[in-house]
Amino acid sequence: MRKLSILFILFLLGACVQPSLPSIDPSDDFVASLNTVDGTIDFISTEQEVMESWQLDATYTGFTLVSDDLLLLYGFTLKEAVLIQLSTGKQLATLDVQKGTTFAYAYEENIYIANGKENTVSLFNNKGEPLGQAATGNYPMSMIAHDGNLYVVNFKDEILSIFSLDLTEKNKWDIPNSSHGLLVNGNELWLGGHGAGSSPNRFIKRYNIATGELLGEIEAPMMPINMTKAANGNIYAVSHGSSTVYEISEEGEVLASFKAGANPFSIATFRDNIVLSGYDDYQLYFIQSGKVTNELQVGKGPFQLVVREASK
Amino acid sequence: MKKLSVKIWILLLIFITTTIVFLVIFTNFLYEGLYVQHTEMSMKEVAENLQRTYDGGAVTNAFIKQTEDYNRFSDVEVFTVRNPRELSACLPFDIDYDTLIGAEERAELIDGNPITKRGYEKRFDRDVVSVIYPLVDENRLEGIIYVYVPLTKITEMASSDALFLIVIVSLLLICLAYISLKSLQRVLKPLAILNEAALDMAAGKYDTRVKMDSQDEVGELAKSFNQMATSIQQEDDKKRNFLSVVSHELRTPISYIKGYGEAFEQGLVPEEKKAEIYTLIVREANRMQKLTNDLLTVARSETLEEVETNPLVLAETIREVVQLLRPMANEKEITFAISIDEETILCADEQKTKQVLINILENAIRYSPNTSKIAISNKTTKKETTIHIADEGCGIEMEHLTHITERFYRVNKARSRSDGGTGLGLSIAAQLVEVQNGKLAFESEVGKGTTVYITLPIWEDSFA
């Protein structure tokens, strides 16, 4: 009888514990794809194979690596963002964010959360504790940090807000509406976007990262919205409107362009590969030297890519 | 009790309302079922044709222009869209933009499936039927061909302008109701007049007539009514006339008998006159008896519908009748010339046929001069025989000839009683011939004589 009671209590306790996700070996490098249509994350190994798949229990719309073993998941309709330990698959902490999370960016020990409903950026530490908040323009989204500054693109606004790392507003630049996708290239900040209204954007804008001066434009039609710096120093940009990948030199010269994927939203550098996710065809494309070397089927609607290169 | 006009009117209203409702539904059905379907088919054809010209890759300006050219000459609206934003390509990003297609439609299109939509489209701010065909290149939705036709539905009109429609239909119904009521009253007014006339007739006003100009069924009815009224009036006149004649005919012998009776009672008749007066009384009594017998015969033959017919040898019958009348003929020294086919067999009732012959021959004897001749002969056809009875009497004028079978009709009004007839003989003969399916006809020439034609059916032997 006593044994039975203990078993029953254990059962109750077991029911209360959150089910953990499959663990990811800390020694494995991976590129992870968040598939928003079917709510899964696929972890792809350096062998370009799906080594693990997570079925998510909430409508997460984005994720980011906070550290090599910590993955932050957030959703636009969710009140909480979660921190999951990859090596155990367990949820370590929740971040009290309000509904409307559009983007999260981890830099050093800090986690910055942009909220498109509240029009704020919030600062959390990597334990999920809130440290501060600042008001932004309309619908903050893309963020990047460089040299003690946090650059925040206001998606439905014509302002780029610049904060210190503790969220003190420092400056504002004029940018086009519906801008998205940031990359730091030396002393330049490159900015992509969808384009406002019915006319799609065709350019990546180059700003002086210190002054905000517009240095020039790189033609990359249509709708360049994501960029990554490859191992060779060249920059790969993806234009989802025309499903085109552009290889651009550090000086801003388009070296090559080719069609890849169907409506690709995300591009990332994974070792010596460029990885591209096709939102409409559910494929990841592995690109080397301007050529697709491999295609890999993932879950439906791969929207965002995250790379861990722990062994690097 | 509701009037006929109200009943017909309600029926008409129900018919009209049903027709309108049916028409609305039927028109809608036709529109939905045929027109919209047909439009969809032709739109699909257009889109398919255009889709076939797409070679893959990015949608070129030439392709856009080709669509625009097509649109210029087509009766449907068609355009090509290649703007990724319109195609919901930016969907995961919260973009303030009304795209032309939604996420689900995009997924369908990427799979290469066309989409057909029917309903309100915000872009065009109206109800449309639209057909969307994808331009897909290796899973990439490079563009879409959008074909649409505004759907100015009848039901849409009904829903948006329901009040207007209701008012129009109500007005139409009221108008139709008024018109039908007025027309019905107009059509049925003669019936009311006829009804009034019939009531007048029932009250005994037989001179009532209906004035009607219309040539339709009601006009015909009015005509028939007038004919009926004339007949009734004539019959009524005849009846009155008949009664006055009967009373007059009876009054004369009665006053004779009464006068002589009173003379006897008071002893005013001398002995030598008594015998003569007795004869007179008997003669008048006979006349009364004959008159009442004839009246009885007339009354009976009027109600007679069927007679029992038997084979009857005509020659034999005529001989018997002539034998019966010979004393009367002898008084005037009248001779008979009989030339009857011995083999003629009538299909008739013996008593009635004899009665007819007696009445006709009595008349002939009565109006023939002394020492004249009455010729009796017959002529047989396949189915009937006609007996000719020709006298050499004074003859009858043409104007009287058609009336001589009427009761108490006398050619010479002054000769009412001197000839001893009751004025019913020919009338009875005519009726008796008629009930035996025969015909009675007269031919006469004044001063030369009269011929009577009695046509009766002959006995048709089944073995003949």
# chains A, B, ... in the order shown; residues from 1 in each chain; ligands from 1
>>> residues_around(residues="A:Ala256", least_positions_apart="3", cutoff="9 Å", atoms="only C-alpha atoms", output="list in words")
Val245, Tyr246, Glu247, Ile248 and Gly290 of chain A
>>> write_last_selection(atoms="C-alpha atoms", output="mmCIF file, in the first residue's frame")
data_model
loop_
_atom_site.group_PDB
_atom_site.id
_atom_site.type_symbol
_atom_site.label_atom_id
_atom_site.label_comp_id
_atom_site.auth_asym_id
_atom_site.auth_seq_id
_atom_site.Cartn_x
_atom_site.Cartn_y
_atom_site.Cartn_z
ATOM 1 C CA VAL A 245 20.920 35.118 -53.842
ATOM 2 C CA TYR A 246 23.519 37.839 -54.430
ATOM 3 C CA GLU A 247 27.199 37.488 -53.724
ATOM 4 C CA ILE A 248 28.527 40.909 -52.910
ATOM 5 C CA GLY A 290 27.823 30.258 -55.980
#
>>> select_by_dssp(residues="stretch 318-416 of chain B", states="helix (DSSP H, G or I)", output="ChimeraX atom specification")
/B:318-331,350-366,398-401,413-415
>>> residues_around(residues="A:Ala230", least_positions_apart="3", cutoff="12 Å", atoms="only C-alpha atoms", output="PyMOL selection string")
chain A and resi 183+185+227+233-237+246-250+267-275+287-290
>>> write_last_selection(atoms="C-alpha atoms", output="PDB file, in the first residue's frame")
ATOM      1  CA  LEU A 183      24.675  43.471 -41.389  1.00  0.00           C
ATOM      2  CA  ASN A 185      30.493  45.274 -42.746  1.00  0.00           C
ATOM      3  CA  MET A 227      22.496  38.922 -45.275  1.00  0.00           C
ATOM      4  CA  GLY A 233      34.659  37.699 -46.517  1.00  0.00           C
ATOM      5  CA  ASN A 234      32.062  38.175 -49.237  1.00  0.00           C
ATOM      6  CA  ILE A 235      28.514  38.961 -48.293  1.00  0.00           C
ATOM      7  CA  TYR A 236      25.578  36.858 -49.359  1.00  0.00           C
ATOM      8  CA  ALA A 237      22.211  38.561 -49.499  1.00  0.00           C
ATOM      9  CA  TYR A 246      23.519  37.839 -54.430  1.00  0.00           C
ATOM     10  CA  GLU A 247      27.199  37.488 -53.724  1.00  0.00           C
ATOM     11  CA  ILE A 248      28.527  40.909 -52.910  1.00  0.00           C
ATOM     12  CA  SER A 249      32.100  42.000 -52.226  1.00  0.00           C
ATOM     13  CA  GLU A 250      32.959  43.889 -49.027  1.00  0.00           C
ATOM     14  CA  ILE A 267      20.409  32.967 -45.194  1.00  0.00           C
ATOM     15  CA  ALA A 268      23.249  31.892 -42.902  1.00  0.00           C
ATOM     16  CA  THR A 269      26.894  30.857 -43.015  1.00  0.00           C
ATOM     17  CA  PHE A 270      27.531  27.391 -41.731  1.00  0.00           C
ATOM     18  CA  ARG A 271      31.208  26.505 -41.876  1.00  0.00           C
ATOM     19  CA  ASP A 272      32.135  26.811 -45.546  1.00  0.00           C
ATOM     20  CA  ASN A 273      28.537  26.602 -46.699  1.00  0.00           C
ATOM     21  CA  ILE A 274      25.929  29.240 -47.258  1.00  0.00           C
ATOM     22  CA  VAL A 275      22.558  27.880 -46.109  1.00  0.00           C
ATOM     23  CA  ILE A 287      25.557  26.720 -51.434  1.00  0.00           C
ATOM     24  CA  GLN A 288      29.258  26.647 -52.141  1.00  0.00           C
ATOM     25  CA  SER A 289      31.069  28.907 -54.600  1.00  0.00           C
ATOM     26  CA  GLY A 290      27.823  30.258 -55.980  1.00  0.00           C
TER      27      GLY A 290
END
>>> closest_residue(among="A:Leu214, A:Glu295, A:Ile204, A:Val50", to="A:Val254", atoms="only C-alpha atoms")
A:Ile204
>>> interface_residues(of="chain A", to="chain B", cutoff="9 Å", atoms="only C-alpha atoms", output="ChimeraX atom specification")
/A:36,61,102,155-156,178,194,196-200,222-223,240-243,261-263,265,280-281,303
>>> residues_around(residues="B:Leu4", least_positions_apart="4", cutoff="9 Å", atoms="only C-alpha atoms", output="PyMOL selection string")
chain B and resi 8-9+188
>>> residues_around(residues="B:Lys383", least_positions_apart="6", cutoff="12 Å", atoms="only C-alpha atoms", output="PyMOL selection string")
chain B and resi 344-347+437-438+455-461
>>> residues_around(residues="B:Ile281", least_positions_apart="3", cutoff="9 Å", atoms="only C-alpha atoms", output="PyMOL selection string")
chain B and resi 253+256-257+260-261+276-278+284-286
>>> residues_around(residues="stretch 178-182 of chain B", least_positions_apart="3", cutoff="12 Å", atoms="only C-alpha atoms", output="ChimeraX atom specification")
/B:4-16,171-175,185-189
>>> select_by_dssp(residues="stretch 50-265 of chain A", states="strand (DSSP E or B)", output="PyMOL selection string")
chain A and resi 50-55+62-67+70-74+80-85+90-96+101-107+110-115+120-125+130-135+140-146+149-154+159-164+169-174+179-185+188-193+203-208+214-219+224-229+235-239+244-248+254-259+264-265
>>> atom_distance(atom1="atom CA of B:Lys354", atom2="atom CA of B:Lys239")
27.7 Å
>>> atom_distance(atom1="atom CA of A:Phe124", atom2="atom CA of A:Leu95")
7.8 Å
